[in-house]
Structures are given as C-alpha cells and as structure tokens.
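data-v2.csv follows; it contains CSV, C-alpha atoms.
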```
chain,number,residue,atom,x,y,z
A,1,MET,CA,100.3,44.6,132.9
A,2,TRP,CA,97.7,46.6,131.0
A,3,SER,CA,95.0,45.4,133.4
A,4,LYS,CA,97.0,46.8,136.3
A,5,ILE,CA,97.4,50.1,134.6
A,6,VAL,CA,93.7,50.3,133.9
A,7,SER,CA,92.9,49.4,137.5
A,8,LEU,CA,95.2,52.0,138.8
A,9,LEU,CA,93.6,54.7,136.6
A,10,VAL,CA,90.2,53.6,137.8
A,11,LEU,CA,91.3,53.9,141.4
A,12,VAL,CA,92.7,57.4,140.8
A,13,VAL,CA,89.4,58.6,139.1
A,14,LEU,CA,87.4,57.2,142.0
A,15,ALA,CA,89.6,58.9,144.5
A,16,VAL,CA,89.3,62.2,142.7
A,17,ALA,CA,85.5,61.8,142.5
A,18,ALA,CA,85.2,60.9,146.1
A,19,ALA,CA,87.4,64.0,147.1
A,20,ALA,CA,85.2,66.2,145.0
A,21,ALA,CA,82.0,64.8,146.5
A,22,ASN,CA,83.3,65.5,150.0
A,23,SER,CA,84.6,69.0,149.2
A,24,ASP,CA,82.9,72.1,150.5
A,25,VAL,CA,84.3,74.1,147.6
A,26,VAL,CA,81.7,74.8,144.9
A,27,ILE,CA,82.9,74.5,141.3
A,28,LEU,CA,81.8,77.5,139.2
A,29,THR,CA,81.7,77.6,135.4
A,30,THR,CA,80.5,80.2,132.9
A,31,LYS,CA,77.1,78.4,132.8
A,32,ASN,CA,76.3,78.4,136.5
A,33,PHE,CA,78.3,81.3,137.8
A,34,GLU,CA,75.7,84.0,137.7
A,35,HIS,CA,72.8,81.7,138.6
A,36,LEU,CA,74.6,80.6,141.8
A,37,THR,CA,76.4,83.7,142.9
A,38,GLN,CA,74.0,86.4,141.5
A,39,ALA,CA,77.2,88.5,141.6
A,40,SER,CA,76.1,91.5,139.5
A,41,THR,CA,72.6,91.8,140.9
A,42,GLY,CA,73.3,92.0,144.7
A,43,ALA,CA,73.3,88.5,145.8
A,44,THR,CA,70.4,86.9,147.6
A,45,THR,CA,72.5,83.7,148.1
A,46,GLY,CA,75.0,85.4,150.4
A,47,ASP,CA,78.7,86.4,150.0
A,48,TRP,CA,81.0,84.3,147.9
A,49,LEU,CA,84.7,83.8,148.2
A,50,VAL,CA,86.0,82.7,144.8
A,51,LYS,CA,89.4,81.4,143.8
A,52,PHE,CA,90.4,81.9,140.2
A,53,TYR,CA,93.1,79.3,139.3
A,54,ALA,CA,94.7,77.3,136.5
A,55,PRO,CA,95.2,73.6,136.6
A,56,TRP,CA,98.9,73.9,135.6
A,57,CYS,CA,99.7,76.6,138.2
A,58,GLY,CA,102.1,75.2,140.9
A,59,HIS,CA,101.0,77.8,143.5
A,60,CYS,CA,97.4,76.9,142.9
A,61,LYS,CA,98.1,73.2,143.5
A,62,LYS,CA,100.0,74.0,146.7
A,63,MET,CA,97.1,76.2,147.9
A,64,GLU,CA,94.4,73.5,147.3
A,65,PRO,CA,94.5,71.7,150.7
A,66,MET,CA,94.6,75.1,152.6
A,67,TYR,CA,91.6,76.4,150.5
A,68,GLU,CA,89.7,73.2,151.4
A,69,GLU,CA,90.3,74.0,155.1
A,70,VAL,CA,89.1,77.6,154.5
A,71,ALA,CA,85.9,76.2,153.0
A,72,LYS,CA,85.3,74.1,156.1
A,73,ARG,CA,85.8,77.0,158.5
A,74,LEU,CA,83.5,79.3,156.5
A,75,LYS,CA,80.8,76.6,156.0
A,76,GLY,CA,77.4,78.2,156.8
A,77,GLU,CA,78.8,81.7,156.8
A,78,VAL,CA,80.3,82.4,153.4
A,79,ASN,CA,80.1,80.4,150.2
A,80,VAL,CA,83.5,79.2,149.0
A,81,ALA,CA,84.0,78.4,145.3
A,82,LYS,CA,86.7,78.1,142.6
A,83,VAL,CA,86.9,78.8,138.8
A,84,ASP,CA,89.1,77.1,136.3
A,85,VAL,CA,90.0,80.2,134.3
A,86,PRO,CA,91.5,78.5,131.2
A,87,ALA,CA,88.3,76.4,130.9
A,88,ASN,CA,86.1,79.5,131.5
A,89,ARG,CA,88.0,82.4,129.9
A,90,GLU,CA,84.9,84.7,129.9
A,91,LEU,CA,85.0,84.8,133.7
A,92,GLY,CA,88.7,85.5,133.7
A,93,THR,CA,88.2,88.4,131.4
A,94,ARG,CA,85.1,89.7,133.3
A,95,PHE,CA,87.0,89.8,136.6
A,96,ASP,CA,90.2,91.0,135.1
A,97,ILE,CA,92.3,88.1,136.4
A,98,LYS,CA,96.0,88.7,135.7
A,99,GLY,CA,97.6,86.0,137.8
A,100,PHE,CA,97.0,82.7,139.6
A,101,PRO,CA,95.7,82.1,142.1
A,102,SER,CA,93.5,85.1,142.6
A,103,LEU,CA,90.9,85.4,145.4
A,104,MET,CA,87.8,87.6,145.1
A,105,LEU,CA,85.1,88.3,147.7
A,106,LEU,CA,81.7,89.0,146.0
A,107,SER,CA,79.2,90.8,148.2
A,108,LYS,CA,76.1,92.8,147.2
A,109,GLY,CA,77.1,93.5,143.6
A,110,LYS,CA,80.7,94.5,144.5
A,111,MET,CA,84.0,92.6,144.4
A,112,TYR,CA,87.0,92.9,146.7
A,113,ALA,CA,90.4,91.5,145.7
A,114,TYR,CA,92.4,89.7,148.4
A,115,LYS,CA,96.0,90.8,148.6
A,116,GLY,CA,97.0,89.4,152.0
A,117,ARG,CA,98.9,86.3,153.2
A,118,ARG,CA,97.8,83.0,151.9
A,119,THR,CA,97.0,81.4,155.3
A,120,VAL,CA,93.8,79.9,156.5
A,121,ASP,CA,93.4,82.4,159.3
A,122,ASP,CA,94.0,85.5,157.2
A,123,ILE,CA,91.7,84.4,154.3
A,124,ALA,CA,88.9,83.4,156.7
A,125,GLU,CA,89.2,86.7,158.5
A,126,PHE,CA,89.0,88.6,155.2
A,127,ALA,CA,85.9,86.6,154.1
A,128,ARG,CA,84.1,87.2,157.4
A,129,GLY,CA,84.3,91.0,157.1
A,130,GLY,CA,87.9,92.1,156.7
A,131,TYR,CA,87.2,92.8,153.1
A,132,GLN,CA,85.3,95.9,154.0
A,133,VAL,CA,88.4,98.0,154.6
A,134,HIS,CA,89.4,97.4,150.9
A,135,GLN,CA,88.3,99.5,148.0
A,136,PRO,CA,85.6,97.7,146.1
A,137,GLU,CA,84.8,97.5,142.4
A,138,VAL,CA,81.4,97.1,140.8
A,139,VAL,CA,80.8,93.6,139.4
A,140,GLN,CA,80.2,93.9,135.7
A,141,PRO,CA,77.1,92.0,134.3
A,142,PRO,CA,77.7,89.0,132.1
A,143,ALA,CA,77.7,89.6,128.4
A,144,GLY,CA,78.3,87.9,125.1
A,145,ILE,CA,81.0,88.6,122.5
A,146,PHE,CA,80.4,92.3,122.5
A,147,GLY,CA,80.7,92.3,126.3
A,148,GLU,CA,84.0,90.4,125.9
A,149,ILE,CA,85.3,93.1,123.6
A,150,GLY,CA,84.1,95.8,126.0
A,151,TYR,CA,86.0,94.1,128.9
A,152,VAL,CA,89.2,93.9,126.9
A,153,TYR,CA,88.9,97.5,125.8
A,154,ARG,CA,88.3,98.8,129.4
A,155,HIS,CA,91.3,96.8,130.6
A,156,ALA,CA,93.5,98.1,127.8
A,157,TYR,CA,92.3,101.7,128.4
A,158,LYS,CA,93.2,101.4,132.1
A,159,GLN,CA,96.6,99.9,131.4
A,160,ALA,CA,97.3,102.4,128.6
A,161,GLY,CA,96.8,105.3,131.1
A,162,GLN,CA,99.5,103.8,133.3
A,163,ASP,CA,101.8,103.2,130.3
A,164,LEU,CA,101.5,106.8,129.1
A,165,ARG,CA,102.2,108.2,132.6
A,166,LYS,CA,105.4,106.1,132.6
A,167,GLY,CA,106.4,107.4,129.1
A,168,ASN,CA,105.7,104.1,127.3
A,169,PHE,CA,103.9,105.3,124.2
A,170,PHE,CA,104.3,102.2,122.0
A,171,THR,CA,102.6,99.4,123.9
A,172,VAL,CA,99.9,97.0,122.9
A,173,ASP,CA,97.4,98.6,125.3
A,174,VAL,CA,98.1,102.1,124.0
A,175,PHE,CA,97.5,100.8,120.4
A,176,LEU,CA,94.3,99.0,121.3
A,177,THR,CA,93.0,102.2,123.1
A,178,PHE,CA,93.6,104.5,120.1
A,179,LEU,CA,92.7,102.0,117.4
A,180,PRO,CA,88.9,102.9,117.5
A,181,LEU,CA,89.8,106.6,117.3
A,182,LEU,CA,92.0,106.0,114.2
A,183,PHE,CA,89.2,104.0,112.6
A,184,VAL,CA,86.7,106.8,113.1
A,185,ILE,CA,89.2,109.4,111.7
A,186,LEU,CA,89.8,107.2,108.7
A,187,LEU,CA,86.0,106.7,108.2
A,188,VAL,CA,85.4,110.5,108.4
A,189,VAL,CA,88.1,111.2,105.8
A,190,VAL,CA,86.7,108.6,103.4
A,191,LEU,CA,83.1,109.8,103.8
A,192,PHE,CA,83.7,113.6,103.6
A,193,ALA,CA,86.8,113.9,101.4
A,194,PRO,CA,86.0,116.1,98.3
A,195,THR,CA,85.7,114.0,95.2
A,196,PRO,CA,87.6,115.4,92.1
A,197,ALA,CA,85.5,116.8,89.3
A,198,PRO,CA,85.5,114.7,86.1
A,199,ARG,CA,87.7,116.1,83.3
A,200,ALA,CA,85.9,117.6,80.3
A,201,HIS,CA,86.7,115.9,77.1
A,202,LYS,CA,87.2,118.3,74.1
A,203,LYS,CA,85.2,117.3,71.0
A,204,ARG,CA,87.1,117.4,67.7
A,205,ALA,CA,85.6,119.7,65.1
A,206,GLN,CA,83.9,117.8,62.3
A,207,PRO,CA,85.0,118.9,58.8
A,208,ALA,CA,82.3,120.7,56.8
A,209,ALA,CA,80.5,118.5,54.4
A,210,GLU,CA,81.1,119.4,50.7
A,211,ALA,CA,78.1,120.0,48.6
A,212,PRO,CA,77.6,117.2,46.1
A,213,VAL,CA,78.4,118.1,42.5
A,214,THR,CA,75.5,117.1,40.2
A,215,SER,CA,76.1,116.6,36.5
A,216,GLN,CA,73.4,117.8,34.1
A,217,PRO,CA,72.2,115.0,31.8
A,218,GLU,CA,73.3,115.4,28.2
A,219,ASP,CA,69.8,115.2,26.8
A,220,ASP,CA,68.7,118.2,29.0
A,221,ALA,CA,71.8,120.2,27.8
A,222,ALA,CA,70.9,119.4,24.2
A,223,ASP,CA,67.4,120.6,24.7
A,224,GLU,CA,68.6,123.9,26.2
A,225,ASP,CA,70.9,124.5,23.2
A,226,GLU,CA,68.0,123.9,20.7
A,227,GLY,CA,65.8,126.2,22.7
A,228,ASN,CA,68.4,128.9,22.5
A,229,ASP,CA,68.8,128.5,18.7
A,230,ASP,CA,65.0,128.9,18.2
A,231,ASP,CA,65.0,132.1,20.3
A,232,LYS,CA,67.8,133.5,18.1
A,233,LYS,CA,65.8,132.8,14.9
A,234,LYS,CA,62.7,134.5,16.2
A,235,ASN,CA,64.7,137.6,17.1
A,236,GLU,CA,66.2,137.7,13.5
```
Just dump the structure as structure tokens.
Amino acid sequence: MWSKIVSLLVLVVLAVAAAAANSDVVILTTKNFEHLTQASTGATTGDWLVKFYAPWCGHCKKMEPMYEEVAKRLKGEVNVAKVDVPANRELGTRFDIKGFPSLMLLSKGKMYAYKGRRTVDDIAEFARGGYQVHQPEVVQPPAGIFGEIGYVYRHAYKQAGQDLRKGNFFTVDVFLTFLPLLFVILLVVVLFAPTPAPRAHKKRAQPAAEAPVTSQPEDDAADEDEGNDDDKKKNE
C-alpha cells in the first residue's frame, strides 16, 4: 500500500514539474525580480505583467488556467510572470499588495494596477496598451530592512490620511504615523529639560577647642617660693 502512495506522489510531482516546464509564466522571487524585470530602472527587457498571489487563495487557484492562456496570447509581446507573496514578503510590501490576486503592469519604471474584469481578453488588452489610460505610480527601488520600514511607514501615512478624513483617530495606521513624532518630542524633552540644582548641605559649627590646662610642677613652685623669700630678706 505504501508503495502505491509513494508512486502516486511521484507522479503528482512529475506532473507539476512538467506543467511548470511547459508554462509561459515566469516565476519571480525576491532574488531574481529586479534582475529580470528591471522594474525600477526603466526596463530594457520589455513590459511585465505580474500576478501577485498566495498559494492558499481560492480565487488565485481559479485564475491559474486563465492566466496561463493570457501568457500564451502575450508571448513575444509582454512578459507574463507571477509572485508568491507569502514566500516573498518584501515584494508584497514593495508593491503595496493588499489582496489576492493582484495584477500589475510594469513599464519604464512605472506600475499600473489592473482593476478590470478577470477575463483573458480584458487582461490581454490591458497589457497590450490599455494600461496607459490608468494613473501610474513610480516603482520604488529595492531596499533592505530600512527600505522595508520605509515602505510600511509610507503605506501607514497614506492610510492614516484616509482614516483622519473619515474621523477615525484611533487606528493602527494613525498610531504608526505619529509614533516617530512622539519619539522626537520625548527625545527633545529628555535632552533639553533643565536639570535641578543640587541642594547645598549646611555644615554644622564645630565647638571651640578648650585651651589645655597645664599644671606647674611642684619643684618649680618650690623654687619660686624660695626665690621670693630671699628677695624679702635682702629688702629687710
């Protein structure tokens, strides 16, 4: 029984590998994305239609055969690719992906989000030039951890503006937007707050030292008495 299960798994793996080999959809990752698409530099490799998806997304699975057909139609005209966002979170943050599947057309350093019907004809028409009627956004260059923080902050800033206009003052995006400002204010207060002067300690008065009483030796006193008697005899 176990041999049958193993054989079935091998057949499934081979079938998936064969399908991937025959696919016209390019698989993009964090490592090869910029090299292949040259998205932020004004591509010399042509335009790219990219699908951002998640493996667990039901709509993404349903769209898969249709997207393969789109790739066949656009072969030789537009590069068709896909990105597994959970496995490449940096790309999801960089392109501000909020839902799955999301389609983006990358052309000459700009990106155009597809918001039309999910049909082969409509998507192909969009990729062939229909995207030009949409408002583009500049593709941000790839960055490391600080770039990730910047992307998150820009997204929070944009969303916070919408929240404030709606009267929602206590949201996560509003908090993230004003957090750096609060940090700067706190830092200024700590650095420039006046420091209290140290208290002066009163010194206790030291008692005056008493002069030591010296006792005259008895021999010296006796000599003085004898001297006084001699003086008296002379005077007589």
Nearest residue to A:Lys82 from the set A:Lys98, A:Lys110, A:Lys51, A:Arg117 (distances using all atoms listed in the file):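 Among the listed residues, the smallest separation from A:Lys82 belongs to A:Lys51.
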Interface rows for stretch 13-97 of chain A against stretch 120-133 of chain A: nearest pair, Å to one decimal, 9 Å, only C-alpha atoms, as a Markdown table:
```
| residue | atom | partner | partner_atom | distance |
| --- | --- | --- | --- | --- |
| A:Asp47 | CA | A:Ala127 | CA | 8.3 |
| A:Trp48 | CA | A:Ala127 | CA | 8.2 |
| A:Leu49 | CA | A:Ala127 | CA | 6.6 |
| A:Met66 | CA | A:Val120 | CA | 6.2 |
| A:Tyr67 | CA | A:Val120 | CA | 7.3 |
| A:Glu69 | CA | A:Val120 | CA | 7.0 |
| A:Val70 | CA | A:Val120 | CA | 5.6 |
| A:Ala71 | CA | A:Ala124 | CA | 8.6 |
| A:Arg73 | CA | A:Ala124 | CA | 7.3 |
| A:Leu74 | CA | A:Ala124 | CA | 6.8 |
| A:Glu77 | CA | A:Arg128 | CA | 7.7 |
| A:Val78 | CA | A:Ala127 | CA | 7.0 |
```
Save the residues we just selected, C-alpha atoms, as a tab-separated table (two decimals), in the coordinates of the input?
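Below you can see result.tsv, which holds the result:
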```
chain	number	residue	atom	x	y	z
A	47	ASP	CA	78.70	86.40	150.00
A	48	TRP	CA	81.00	84.30	147.90
A	49	LEU	CA	84.70	83.80	148.20
A	66	MET	CA	94.60	75.10	152.60
A	67	TYR	CA	91.60	76.40	150.50
A	69	GLU	CA	90.30	74.00	155.10
A	70	VAL	CA	89.10	77.60	154.50
A	71	ALA	CA	85.90	76.20	153.00
A	73	ARG	CA	85.80	77.00	158.50
A	74	LEU	CA	83.50	79.30	156.50
A	77	GLU	CA	78.80	81.70	156.80
A	78	VAL	CA	80.30	82.40	153.40
```
Coordinates-based distance that separates atom CA of A:Met104 from atom CA of A:Gln159 (Å, one decimal):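 Answer for the atom CA of A:Gln159 to atom CA of A:Met104 separation: 20.4 Å.
The closest residue to A:Lys158, picked from A:Thr177, A:Met63, A:Thr171, A:Val26 and counting all atoms listed in the file, is A:Thr177.
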Shortest interatomic distance to A:Thr29 - which of A:Arg94, A:Arg89, A:Lys166, A:Arg199, counting only C-alpha atoms: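 Of A:Arg94, A:Arg89, A:Lys166, A:Arg199, the one nearest A:Thr29 is A:Arg89, counting only C-alpha atoms.
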Residue nearest A:Asp96 - candidates A:Val190, A:Leu182, A:Ile27, A:Ala113, atoms counted: all atoms listed in the file: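 With all atoms listed in the file as the atom set, the closest residue is A:Ala113.
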Distance in Å - atom CA of A:Gly92 versus atom CA of A:Pro142: 11.7 Å
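Picture a line from atom CA of A:Leu28 to atom CA of A:Ala87; it runs 10.6 Å.
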Pick from A:Val50, A:Met111, A:Leu106, A:Cys57 nearest to A:Val83, counting only C-alpha atoms: A:Val50
Which residue of A:Tyr53, A:Asp24, A:Pro101, A:Tyr112 approaches A:Asn79 most closely, using all atoms listed in the file: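 Nearest candidate to A:Asn79 out of A:Tyr53, A:Asp24, A:Pro101, A:Tyr112: A:Asp24.
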Test item: residues at most 8 Å from A:Gly109, only C-alpha atoms, excluding those fewer than 3 positions along its chain, as a ChimeraX atom specification: /A:39-43,106,138-139
